[in-house]
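Visitor: Contents of start01.pdb (PDB, C-alpha atoms and all ligand atoms):
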```
ATOM      1  CA  MET A   1      18.221  19.219 -23.159
ATOM      2  CA  ASP A   2      16.305  19.098 -19.864
ATOM      3  CA  LEU A   3      12.629  20.120 -20.166
ATOM      4  CA  TRP A   4      10.721  20.916 -16.989
ATOM      5  CA  PHE A   5       7.087  21.775 -16.223
ATOM      6  CA  TYR A   6       6.807  24.271 -13.368
ATOM      7  CA  GLU A   7       3.702  25.220 -11.415
ATOM      8  CA  LYS A   8       3.766  28.134  -9.029
ATOM      9  CA  HIS A   9       2.139  26.970  -5.794
ATOM     10  CA  THR A  10       2.711  30.313  -4.088
ATOM     11  CA  LYS A  11       4.670  33.464  -4.920
ATOM     12  CA  HIS A  12       7.694  31.766  -3.370
ATOM     13  CA  VAL A  13       7.150  28.061  -4.072
ATOM     14  CA  LYS A  14       7.382  26.180  -7.364
ATOM     15  CA  PHE A  15       6.689  22.526  -8.094
ATOM     16  CA  ALA A  16       8.579  20.955 -11.017
ATOM     17  CA  ILE A  17       8.390  17.735 -13.049
ATOM     18  CA  GLU A  18      10.886  16.766 -15.746
ATOM     19  CA  ILE A  19       9.109  16.266 -19.057
ATOM     20  CA  GLU A  20       9.793  13.555 -21.582
ATOM     21  CA  GLU A  21       7.516  15.001 -24.286
ATOM     22  CA  HIS A  22       4.999  17.817 -24.753
ATOM     23  CA  LEU A  23       2.145  15.891 -26.385
ATOM     24  CA  TYR A  24      -0.630  18.465 -26.734
ATOM     25  CA  HIS A  25      -1.149  22.202 -26.517
ATOM     26  CA  GLU A  26      -4.344  24.125 -27.214
ATOM     27  CA  VAL A  27      -5.871  27.406 -26.182
ATOM     28  CA  SER A  28      -9.590  26.702 -26.080
ATOM     29  CA  GLU A  29     -12.417  29.190 -25.618
ATOM     30  CA  PHE A  30     -12.064  28.648 -21.852
ATOM     31  CA  GLN A  31      -8.475  27.834 -20.956
ATOM     32  CA  GLN A  32      -5.028  26.672 -22.007
ATOM     33  CA  ILE A  33      -4.830  22.875 -22.171
ATOM     34  CA  ASP A  34      -1.531  20.963 -22.099
ATOM     35  CA  ILE A  35      -0.734  17.282 -21.891
ATOM     36  CA  PHE A  36       2.804  16.115 -21.166
ATOM     37  CA  ASP A  37       4.593  12.821 -20.801
ATOM     38  CA  SER A  38       6.974  12.619 -17.867
ATOM     39  CA  PHE A  39       9.529  10.144 -16.534
ATOM     40  CA  GLU A  40       8.149   9.921 -12.990
ATOM     41  CA  PHE A  41       4.403  10.618 -13.202
ATOM     42  CA  GLY A  42       3.512   9.324 -16.670
ATOM     43  CA  ARG A  43       1.152  11.497 -18.705
ATOM     44  CA  PHE A  44      -0.321  14.543 -17.044
ATOM     45  CA  LEU A  45      -2.931  17.190 -17.838
ATOM     46  CA  THR A  46      -2.633  20.871 -16.936
ATOM     47  CA  LEU A  47      -5.227  23.628 -17.409
ATOM     48  CA  ASP A  48      -3.926  27.201 -17.424
ATOM     49  CA  GLY A  49      -0.660  25.800 -16.051
ATOM     50  CA  CYS A  50      -2.307  24.087 -13.050
ATOM     51  CA  MET A  51      -1.952  20.354 -12.487
ATOM     52  CA  MET A  52      -5.228  18.479 -12.970
ATOM     53  CA  LEU A  53      -4.095  14.872 -12.917
ATOM     54  CA  THR A  54      -1.137  12.576 -13.496
ATOM     55  CA  GLU A  55      -1.347   8.933 -14.486
ATOM     56  CA  LYS A  56       0.655   7.994 -11.402
ATOM     57  CA  ASP A  57      -1.372   9.595  -8.608
ATOM     58  CA  GLU A  58      -4.861  10.230 -10.099
ATOM     59  CA  PHE A  59      -6.177   7.094  -8.376
ATOM     60  CA  ILE A  60      -6.003   8.849  -4.993
ATOM     61  CA  TYR A  61      -8.123  11.825  -6.027
ATOM     62  CA  HIS A  62     -10.652   9.836  -8.071
ATOM     63  CA  GLU A  63     -11.119   7.048  -5.538
ATOM     64  CA  MET A  64     -11.610   9.539  -2.715
ATOM     65  CA  ILE A  65     -14.026  11.785  -4.602
ATOM     66  CA  VAL A  66     -16.168   8.763  -5.598
ATOM     67  CA  HIS A  67     -15.978   5.915  -3.062
ATOM     68  CA  VAL A  68     -16.475   8.058   0.054
ATOM     69  CA  PRO A  69     -19.901   9.349  -1.110
ATOM     70  CA  MET A  70     -20.829   6.075  -2.835
ATOM     71  CA  CYS A  71     -20.146   4.074   0.326
ATOM     72  CA  ALA A  72     -22.527   6.468   2.089
ATOM     73  CA  LYS A  73     -25.093   6.255  -0.717
ATOM     74  CA  LEU A  74     -24.957   2.708  -2.049
ATOM     75  CA  ASP A  75     -28.429   3.006  -3.586
ATOM     76  CA  ALA A  76     -27.394   5.916  -5.878
ATOM     77  CA  LYS A  77     -28.835   5.445  -9.369
ATOM     78  CA  LYS A  78     -28.554   8.867 -10.982
ATOM     79  CA  VAL A  79     -25.358  10.856 -10.533
ATOM     80  CA  LEU A  80     -24.357  14.321 -11.727
ATOM     81  CA  VAL A  81     -20.677  15.113 -12.259
ATOM     82  CA  ILE A  82     -19.806  18.770 -12.740
ATOM     83  CA  GLY A  83     -16.467  19.192 -14.549
ATOM     84  CA  GLY A  84     -14.516  15.937 -14.593
ATOM     85  CA  GLY A  85     -13.852  16.005 -18.353
ATOM     86  CA  ASP A  86     -10.761  13.832 -17.885
ATOM     87  CA  GLY A  87     -13.093  10.913 -17.081
ATOM     88  CA  GLY A  88     -11.441   9.712 -13.833
ATOM     89  CA  THR A  89     -14.522  10.320 -11.693
ATOM     90  CA  ALA A  90     -16.856   8.671 -14.226
ATOM     91  CA  ARG A  91     -14.502   5.657 -14.408
ATOM     92  CA  GLU A  92     -14.774   5.056 -10.657
ATOM     93  CA  LEU A  93     -18.569   5.600 -10.669
ATOM     94  CA  LEU A  94     -19.010   3.071 -13.469
ATOM     95  CA  ARG A  95     -17.643   0.373 -11.178
ATOM     96  CA  TYR A  96     -21.024   0.423  -9.393
ATOM     97  CA  LYS A  97     -23.407  -1.727 -11.427
ATOM     98  CA  THR A  98     -26.357  -0.121  -9.632
ATOM     99  CA  ILE A  99     -25.668   3.327 -11.109
ATOM    100  CA  GLU A 100     -27.977   3.712 -14.075
ATOM    101  CA  ARG A 101     -26.975   7.106 -15.400
ATOM    102  CA  ILE A 102     -24.135   9.604 -15.037
ATOM    103  CA  ASP A 103     -24.720  13.124 -16.362
ATOM    104  CA  LEU A 104     -21.301  14.720 -16.857
ATOM    105  CA  VAL A 105     -21.376  18.486 -17.378
ATOM    106  CA  GLU A 106     -18.051  19.693 -18.735
ATOM    107  CA  ILE A 107     -17.678  23.265 -19.992
ATOM    108  CA  ASP A 108     -14.802  22.507 -22.360
ATOM    109  CA  GLU A 109     -15.196  19.909 -25.121
ATOM    110  CA  LYS A 110     -11.470  20.155 -25.869
ATOM    111  CA  VAL A 111     -10.618  18.685 -22.451
ATOM    112  CA  VAL A 112     -12.691  15.589 -23.210
ATOM    113  CA  GLU A 113     -11.321  15.291 -26.777
ATOM    114  CA  SER A 114      -7.684  15.611 -25.735
ATOM    115  CA  CYS A 115      -8.001  13.276 -22.742
ATOM    116  CA  LYS A 116      -9.704  10.641 -24.887
ATOM    117  CA  LYS A 117      -6.755  10.813 -27.263
ATOM    118  CA  PHE A 118      -3.869  11.037 -24.804
ATOM    119  CA  ILE A 119      -5.073   9.830 -21.369
ATOM    120  CA  PRO A 120      -7.262   6.749 -21.994
ATOM    121  CA  GLN A 121      -6.461   5.584 -18.451
ATOM    122  CA  THR A 122      -9.127   8.031 -17.255
ATOM    123  CA  ALA A 123     -11.030   9.096 -20.393
ATOM    124  CA  GLY A 124     -11.372   5.624 -21.891
ATOM    125  CA  CYS A 125     -14.701   5.204 -20.080
ATOM    126  CA  LEU A 126     -16.395   8.276 -21.516
ATOM    127  CA  ASP A 127     -18.085   6.372 -24.366
ATOM    128  CA  ASP A 128     -19.889   4.112 -21.899
ATOM    129  CA  PRO A 129     -23.666   4.257 -22.613
ATOM    130  CA  ARG A 130     -24.382   5.114 -18.958
ATOM    131  CA  VAL A 131     -22.423   8.396 -19.357
ATOM    132  CA  GLN A 132     -24.208  11.374 -20.940
ATOM    133  CA  ILE A 133     -21.899  14.313 -21.598
ATOM    134  CA  PHE A 134     -23.295  17.866 -21.659
ATOM    135  CA  TYR A 135     -20.928  20.587 -22.879
ATOM    136  CA  GLU A 136     -22.283  23.370 -20.707
ATOM    137  CA  ASP A 137     -21.455  25.574 -17.740
ATOM    138  CA  GLY A 138     -22.261  23.546 -14.618
ATOM    139  CA  LEU A 139     -23.529  26.663 -12.858
ATOM    140  CA  LYS A 140     -26.253  27.097 -15.496
ATOM    141  CA  PHE A 141     -26.971  23.365 -15.825
ATOM    142  CA  VAL A 142     -28.072  22.929 -12.196
ATOM    143  CA  ARG A 143     -30.088  26.162 -12.056
ATOM    144  CA  HIS A 144     -33.434  24.582 -12.883
ATOM    145  CA  LYS A 145     -32.943  21.015 -11.677
ATOM    146  CA  VAL A 146     -35.200  19.938  -8.837
ATOM    147  CA  ASP A 147     -35.150  16.603  -6.969
ATOM    148  CA  GLU A 148     -33.320  14.767  -9.789
ATOM    149  CA  TYR A 149     -30.079  13.303  -8.484
ATOM    150  CA  ASP A 150     -28.903  10.928  -5.745
ATOM    151  CA  LEU A 151     -25.358  12.218  -5.829
ATOM    152  CA  ILE A 152     -23.606  15.300  -7.207
ATOM    153  CA  ILE A 153     -19.813  15.304  -7.562
ATOM    154  CA  VAL A 154     -18.206  18.678  -8.191
ATOM    155  CA  ASP A 155     -14.927  17.746  -9.894
ATOM    156  CA  SER A 156     -14.002  21.260 -10.897
ATOM    157  CA  THR A 157     -10.951  23.405 -11.487
ATOM    158  CA  ASP A 158      -9.917  25.992  -8.881
ATOM    159  CA  PRO A 159     -12.122  28.969  -7.916
ATOM    160  CA  PHE A 160     -10.909  31.241 -10.714
ATOM    161  CA  GLY A 161     -11.461  31.232 -14.498
ATOM    162  CA  PRO A 162     -14.319  28.971 -15.708
ATOM    163  CA  GLY A 163     -14.538  27.178 -12.323
ATOM    164  CA  GLU A 164     -15.265  30.324 -10.296
ATOM    165  CA  GLY A 165     -19.066  29.974 -10.428
ATOM    166  CA  LEU A 166     -18.820  26.446  -9.000
ATOM    167  CA  PHE A 167     -17.746  27.837  -5.619
ATOM    168  CA  THR A 168     -20.673  30.241  -5.167
ATOM    169  CA  LYS A 169     -23.603  30.171  -2.761
ATOM    170  CA  GLU A 170     -25.976  30.179  -5.722
ATOM    171  CA  PHE A 171     -24.369  27.017  -7.106
ATOM    172  CA  TYR A 172     -24.434  25.107  -3.801
ATOM    173  CA  GLY A 173     -28.060  26.154  -3.225
ATOM    174  CA  ASN A 174     -28.991  24.866  -6.684
ATOM    175  CA  CYS A 175     -27.169  21.585  -6.020
ATOM    176  CA  PHE A 176     -29.228  21.240  -2.828
ATOM    177  CA  ASN A 177     -32.422  21.654  -4.870
ATOM    178  CA  ALA A 178     -31.217  19.247  -7.562
ATOM    179  CA  LEU A 179     -30.709  16.453  -5.011
ATOM    180  CA  HIS A 180     -33.289  14.003  -3.674
ATOM    181  CA  ALA A 181     -34.155  14.229   0.054
ATOM    182  CA  ASP A 182     -31.349  11.809   0.985
ATOM    183  CA  GLY A 183     -28.947  13.190  -1.635
ATOM    184  CA  VAL A 184     -25.220  13.813  -1.195
ATOM    185  CA  MET A 185     -22.894  16.402  -2.731
ATOM    186  CA  VAL A 186     -19.119  16.018  -2.741
ATOM    187  CA  ASN A 187     -16.719  18.660  -4.002
ATOM    188  CA  GLN A 188     -12.988  19.093  -4.406
ATOM    189  CA  HIS A 189     -12.306  21.496  -1.550
ATOM    190  CA  GLU A 190      -8.794  22.879  -2.241
ATOM    191  CA  ASN A 191      -5.831  22.748   0.159
ATOM    192  CA  PRO A 192      -5.739  24.321   3.604
ATOM    193  CA  PHE A 193      -1.961  24.669   3.849
ATOM    194  CA  TYR A 194      -1.034  27.775   1.863
ATOM    195  CA  PRO A 195      -2.811  30.893   3.203
ATOM    196  CA  ALA A 196      -4.306  32.090  -0.103
ATOM    197  CA  ASP A 197      -5.722  28.613  -0.808
ATOM    198  CA  ALA A 198      -6.966  28.280   2.778
ATOM    199  CA  VAL A 199      -8.997  31.480   2.387
ATOM    200  CA  ALA A 200     -10.706  30.090  -0.748
ATOM    201  CA  MET A 201     -11.289  26.773   1.014
ATOM    202  CA  GLN A 202     -12.810  28.478   4.052
ATOM    203  CA  ARG A 203     -15.075  30.624   1.870
ATOM    204  CA  ALA A 204     -16.345  27.530   0.018
ATOM    205  CA  HIS A 205     -16.953  25.746   3.323
ATOM    206  CA  ALA A 206     -18.936  28.695   4.707
ATOM    207  CA  ARG A 207     -21.183  28.629   1.638
ATOM    208  CA  ILE A 208     -21.730  24.868   1.798
ATOM    209  CA  VAL A 209     -22.506  25.081   5.539
ATOM    210  CA  ALA A 210     -25.101  27.757   4.739
ATOM    211  CA  SER A 211     -26.720  25.510   2.109
ATOM    212  CA  PHE A 212     -26.699  21.998   3.664
ATOM    213  CA  PRO A 213     -27.631  20.753   7.179
ATOM    214  CA  ILE A 214     -24.683  18.306   7.146
ATOM    215  CA  ALA A 215     -21.359  19.648   5.863
ATOM    216  CA  LYS A 216     -18.152  17.738   6.678
ATOM    217  CA  VAL A 217     -14.646  17.808   5.276
ATOM    218  CA  TYR A 218     -12.257  14.913   4.613
ATOM    219  CA  GLN A 219      -8.676  14.670   3.432
ATOM    220  CA  ALA A 220      -6.217  12.817   1.204
ATOM    221  CA  GLN A 221      -2.527  13.001   0.357
ATOM    222  CA  ILE A 222      -2.008  13.808  -3.318
ATOM    223  CA  PRO A 223       1.674  14.283  -4.248
ATOM    224  CA  THR A 224       1.226  16.528  -7.299
ATOM    225  CA  TYR A 225      -1.328  18.986  -5.853
ATOM    226  CA  PRO A 226      -0.214  22.134  -4.012
ATOM    227  CA  SER A 227       1.246  21.125  -0.628
ATOM    228  CA  GLY A 228       0.550  17.445  -1.430
ATOM    229  CA  TYR A 229      -2.463  17.642   0.840
ATOM    230  CA  TRP A 230      -6.044  17.984  -0.386
ATOM    231  CA  LEU A 231      -9.510  18.353   1.088
ATOM    232  CA  PHE A 232     -12.923  17.237  -0.108
ATOM    233  CA  GLY A 233     -16.314  18.464   1.081
ATOM    234  CA  PHE A 234     -19.132  16.032   1.943
ATOM    235  CA  ALA A 235     -22.526  17.725   2.185
ATOM    236  CA  SER A 236     -25.921  16.134   2.528
ATOM    237  CA  LYS A 237     -29.523  16.702   3.478
ATOM    238  CA  SER A 238     -29.702  13.786   5.916
ATOM    239  CA  ILE A 239     -26.798  11.317   5.669
ATOM    240  CA  HIS A 240     -23.843  11.490   8.063
ATOM    241  CA  PRO A 241     -20.663  10.292   6.299
ATOM    242  CA  ILE A 242     -19.637   7.906   9.099
ATOM    243  CA  ARG A 243     -22.606   7.202  11.380
ATOM    244  CA  ASP A 244     -25.018   6.389   8.539
ATOM    245  CA  VAL A 245     -22.652   4.265   6.488
ATOM    246  CA  ASN A 246     -22.783   0.487   6.146
ATOM    247  CA  PHE A 247     -19.159  -0.376   5.466
ATOM    248  CA  ASP A 248     -19.828  -4.134   5.303
ATOM    249  CA  SER A 249     -22.257  -3.651   2.418
ATOM    250  CA  TRP A 250     -19.608  -1.702   0.548
ATOM    251  CA  LEU A 251     -17.005  -4.440   1.175
ATOM    252  CA  GLN A 252     -19.447  -7.043  -0.141
ATOM    253  CA  LEU A 253     -19.435  -5.324  -3.539
ATOM    254  CA  GLY A 254     -15.848  -6.540  -3.958
ATOM    255  CA  ILE A 255     -14.648  -3.324  -5.605
ATOM    256  CA  GLU A 256     -10.859  -3.444  -5.719
ATOM    257  CA  THR A 257      -9.324  -0.117  -4.806
ATOM    258  CA  LYS A 258      -5.732   1.050  -4.560
ATOM    259  CA  TYR A 259      -6.220   3.832  -1.978
ATOM    260  CA  TYR A 260      -9.724   3.804  -0.536
ATOM    261  CA  ASN A 261     -10.895   1.404   2.187
ATOM    262  CA  PRO A 262     -13.450   1.705   5.014
ATOM    263  CA  ASN A 263     -10.829   2.387   7.723
ATOM    264  CA  LEU A 264      -9.346   5.122   5.608
ATOM    265  CA  HIS A 265     -12.866   6.480   4.976
ATOM    266  CA  ARG A 266     -13.441   6.880   8.739
ATOM    267  CA  GLY A 267      -9.959   8.257   9.350
ATOM    268  CA  SER A 268     -10.106  10.752   6.487
ATOM    269  CA  PHE A 269     -12.672  12.808   8.425
ATOM    270  CA  ALA A 270     -10.228  13.237  11.340
ATOM    271  CA  LEU A 271      -8.539  16.519  10.494
ATOM    272  CA  PRO A 272      -5.475  18.286  11.910
ATOM    273  CA  ASN A 273      -6.142  21.020  14.494
ATOM    274  CA  TYR A 274      -5.121  23.878  12.211
ATOM    275  CA  VAL A 275      -7.639  22.714   9.574
ATOM    276  CA  GLU A 276     -10.408  22.238  12.165
ATOM    277  CA  LYS A 277      -9.757  25.780  13.353
ATOM    278  CA  ILE A 278     -10.174  27.248   9.864
ATOM    279  CA  LEU A 279     -13.423  25.322   9.361
ATOM    280  CA  ARG A 280     -14.899  25.988  12.845
ATOM    281  CA  LYS A 281     -14.593  29.753  12.277
ATOM    282  CA  VAL A 282     -17.325  29.606   9.615
ATOM    283  CA  GLU A 283     -19.563  26.900  11.092
TER     284      GLU A 283
HETATM  285  N1  LIG B 301      -8.968  16.823 -10.505
HETATM  286  C1  LIG B 301      -8.963  18.133 -10.906
HETATM  287  C2  LIG B 301      -8.372  19.138  -9.978
HETATM  288  O1  LIG B 301      -8.963  19.494  -8.972
HETATM  289  O2  LIG B 301      -7.270  19.563 -10.262
HETATM  290  C3  LIG B 301     -10.185  18.586 -11.609
HETATM  291  C4  LIG B 301     -10.099  17.980 -12.937
HETATM  292  S1  LIG B 301     -11.264  18.210 -14.159
HETATM  293  C5  LIG B 301     -10.158  18.250 -15.511
HETATM  294  C6  LIG B 301     -11.898  19.842 -13.980
HETATM  295  C7  LIG B 301     -12.758  20.225 -15.155
HETATM  296  O3  LIG B 301     -13.717  21.189 -14.747
HETATM  297  C8  LIG B 301     -12.018  20.857 -16.327
HETATM  298  O4  LIG B 301     -12.003  19.997 -17.416
HETATM  299  C9  LIG B 301     -12.774  22.157 -16.617
HETATM  300  O5  LIG B 301     -12.918  22.420 -17.999
HETATM  301  C10 LIG B 301     -14.093  21.871 -15.924
HETATM  302  N2  LIG B 301     -14.840  23.094 -15.562
HETATM  303  C11 LIG B 301     -14.349  24.256 -15.078
HETATM  304  N3  LIG B 301     -15.336  25.145 -14.876
HETATM  305  C12 LIG B 301     -16.493  24.514 -15.234
HETATM  306  C13 LIG B 301     -17.850  24.908 -15.261
HETATM  307  N4  LIG B 301     -18.234  26.143 -14.882
HETATM  308  N5  LIG B 301     -18.777  24.011 -15.686
HETATM  309  C14 LIG B 301     -18.405  22.762 -16.068
HETATM  310  N6  LIG B 301     -17.120  22.339 -16.080
HETATM  311  C15 LIG B 301     -16.177  23.197 -15.668
END
```
Translate the structure described by the file into structure tokens.
Ligand code: SAM
Guide:
Amino acid sequence: MDLWFYEKHTKHVKFAIEIEEHLYHEVSEFQQIDIFDSFEFGRFLTLDGCMMLTEKDEFIYHEMIVHVPMCAKLDAKKVLVIGGGDGGTARELLRYKTIERIDLVEIDEKVVESCKKFIPQTAGCLDDPRVQIFYEDGLKFVRHKVDEYDLIIVDSTDPFGPGEGLFTKEFYGNCFNALHADGVMVNQHENPFYPADAVAMQRAHARIVASFPIAKVYQAQIPTYPSGYWLFGFASKSIHPIRDVNFDSWLQLGIETKYYNPNLHRGSFALPNYVEKILRKVE
């Protein structure tokens, strides 16, 4: 019997992956969690039926959400990750010996538990002593933090359900306060291709622009995300993501990556005209 996972990307578009085995199913206090094994993409995690990561292409998302800001902020010592319970973002951060502490704020303990059991490729790092996990709502966690972090990575779900608060003006303003004077915030910024997603992306950008003096957007190609095309936001108080970056220092660290490199870093900020147009409208 053929078993297929389907995700509705729009009212008229579905994305499908043939499943080898349904490994895990749970309805937690916050969301429905499923982990599948597949022939083409290996194991993959979905929350409320939306693709979060697959073993085959997670390196693109996690390298881009971590190495772009880290290359711009090589002296980062204390990092806050909001969401990211699958561990992929923490894994990439831990490759920097200079990072002393990673506070990971994940609302749903069941995501961490299930990923540790079934997706060690990403979650295997979560017992590292430099990672402190807080099972809390990220929106509340940052509310009273002032001048504490060098880097904040918002590795959240989409702007509905538990992730909704992580796309608000209040949240971005609190992240600004939680960062040091040369701090950087990076967020997963949705896709600009399908109109409903583009509206959410534009709204998030408008709020980040209102909260940070520097707010740029960069891109990556991620096969299993809606439209296969994804954006990330780079916001900071003072650092420009290209002009203020010392790419040679990053190369000297000798971090072996599968997707990220300095040329790609520079190029990822060059966006197609239709995306520029959406962003310019709110800048
Ligand atoms: N790479 C992913 C993507 O964009 O598809 C994100 C993956 S990660 C699994 C997202 C995590 O954010 C989930 O585990 C979810 O439980 C967590 N999350 C959602 N809302 C949150 C909130 N308000 N505070 C903290 N974590 C939250």
Visitor: Run the PyMOL selection byres (((chain A and resi 195) around 12) and not hetatm) against the file shown and list the residues it catches, as a PyMOL selection string.
Guide: chain A and resi 9-11+190-194+196-202+226-227+274-275+278
Visitor: Under the rule that all atoms listed in the file are counted, which of A:Lys140, A:Lys169, A:His240, A:Lys281 is the nearest residue to ligand LIG 301 (chain B)?
Guide: A:Lys140
Visitor: Name the residues that the PyMOL selection byres (((chain A and resi 205) around 10) and not hetatm) picks from the file above, as a count of residues only, using the file's chain letters and numbers.
Guide: 24
Visitor: Ser249 (chain A): which residues within 12 Å, counting all atoms listed in the file, same-chain residues fewer than 3 positions away excluded, as number ranges by chain?
Guide: A: 70-75, 245-246, 252-255, 262
Visitor: All residues within 9 Å of ligand LIG 301 (chain B) are required, counting only C-alpha atoms and all ligand atoms; please report them as an MDAnalysis selection string.
Guide: chainID A and resid 30:31 45:47 50:53 58 61:62 81:89 104:112 134:141 154:166 188:190 225
Visitor: The PyMOL selection byres (((chain A and resi 41) around 6) and not hetatm) - which residues does that actually catch in the file I just gave you? List them as a list in words.
Guide: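 Taken over the shown coordinates, the PyMOL selection byres (((chain A and resi 41) around 6) and not hetatm) returns Ser38, Glu40, Gly42, Thr54 and Lys56 of chain A.
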Visitor: Would you compute the distance between CA of Leu271 (chain A) and CA of His12 (chain A)? Give it in Å to one decimal.
Guide: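 Here the two named atoms are 26.2 Å from each other.
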Visitor: Quick one: of A:Leu80, A:Leu251, A:Ala90, A:Leu264, who's nearest to Leu151 (chain A), counting only C-alpha atoms?
Guide: A:Leu80
Visitor: Take CA of Pro120 (chain A) and CA of Arg43 (chain A) and report the distance between them in Å, one decimal.
Guide: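 So the two atoms, CA of Pro120 (chain A) and CA of Arg43 (chain A), lie 10.2 Å apart.
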Visitor: Give the padded box for region 181-189 of chain A as JSON: axis-aligned, covering all atoms listed in the file, 8 Å on each side, centre and edge lengths in Å to one decimal.
Guide:
```
{"center_x": -23.2, "center_y": 16.7, "center_z": -1.7, "size_x": 37.8, "size_y": 25.7, "size_z": 21.4}
```
Visitor: Work out how far apart CA of Phe269 (chain A) and CA of Phe212 (chain A) are and give it in Å to one decimal.
Guide: 17.4 Å
Visitor: For Cys175 (chain A), list every protein, DNA or RNA residue within 10 Å, evaluated using all atoms listed in the file, and leave out those in the same chain fewer than 2 positions away; present the list as a list in words.
Guide: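 The residues satisfying every condition are Leu80, Leu139, Phe141, Val142, Arg143, His144, Lys145, Val146, Asp147, Glu148, Tyr149, Leu151, Ile152, Ile153, Val154, Lys169, Glu170, Phe171, Tyr172, Gly173, Asn177, Ala178, Leu179, Gly183, Val184, Met185, Ser211 and Phe212 of chain A.
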Visitor: Please, could you write that set of residues out with C-alpha atoms as a tab-separated table (two decimals), in the coordinates of the input?
Guide:
```
chain	number	residue	atom	x	y	z
A	80	LEU	CA	-24.36	14.32	-11.73
A	139	LEU	CA	-23.53	26.66	-12.86
A	141	PHE	CA	-26.97	23.36	-15.82
A	142	VAL	CA	-28.07	22.93	-12.20
A	143	ARG	CA	-30.09	26.16	-12.06
A	144	HIS	CA	-33.43	24.58	-12.88
A	145	LYS	CA	-32.94	21.02	-11.68
A	146	VAL	CA	-35.20	19.94	-8.84
A	147	ASP	CA	-35.15	16.60	-6.97
A	148	GLU	CA	-33.32	14.77	-9.79
A	149	TYR	CA	-30.08	13.30	-8.48
A	151	LEU	CA	-25.36	12.22	-5.83
A	152	ILE	CA	-23.61	15.30	-7.21
A	153	ILE	CA	-19.81	15.30	-7.56
A	154	VAL	CA	-18.21	18.68	-8.19
A	169	LYS	CA	-23.60	30.17	-2.76
A	170	GLU	CA	-25.98	30.18	-5.72
A	171	PHE	CA	-24.37	27.02	-7.11
A	172	TYR	CA	-24.43	25.11	-3.80
A	173	GLY	CA	-28.06	26.15	-3.22
A	177	ASN	CA	-32.42	21.65	-4.87
A	178	ALA	CA	-31.22	19.25	-7.56
A	179	LEU	CA	-30.71	16.45	-5.01
A	183	GLY	CA	-28.95	13.19	-1.64
A	184	VAL	CA	-25.22	13.81	-1.20
A	185	MET	CA	-22.89	16.40	-2.73
A	211	SER	CA	-26.72	25.51	2.11
A	212	PHE	CA	-26.70	22.00	3.66
```
Visitor: Considering only C-alpha atoms, return as number ranges by chain whatever protein or nucleic-acid residues lie within 10 Å of Asn261 (chain A), sequence-local ones (same chain, fewer than 4 positions apart) excluded.
Guide: A: 63-64, 67-68, 71, 247, 250-251, 255-257, 265-267
Visitor: Could you tell me which of A:Arg91, A:Val13, A:Lys97, A:Asp150 comes closest to Asp127 (chain A) if we count all atoms listed in the file?
Guide: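 Using all atoms listed in the file, the shortest distance to Asp127 (chain A) belongs to A:Arg91.
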Visitor: Pick the closest to Trp4 (chain A) from A:Trp230, A:Phe39, A:Phe59, A:Tyr24: which is it, counting only C-alpha atoms?
Guide: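 For Trp4 (chain A), the nearest of the candidates is A:Phe39.
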Visitor: For Ser238 (chain A), which of A:Lys258, A:Glu20, A:His180, A:Ser268 is the closest residue, counting only C-alpha atoms?
Guide: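 Going through A:Lys258, A:Glu20, A:His180, A:Ser268 one by one, the smallest distance to Ser238 (chain A) is for A:His180.
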Visitor: Give me the residues within 9 Å of His22 (chain A) as a list in words, counting only C-alpha atoms and dropping any in the same chain fewer than 4 places off.
Guide: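 In the requested form, the answer reads Asp34, Ile35, Phe36, Asp37 and Ser38 of chain A.
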Visitor: Which one is closest to Phe44 (chain A): A:Glu100, A:Cys115, A:Lys277, A:Ile133? Count all atoms listed in the file.
Guide: A:Cys115
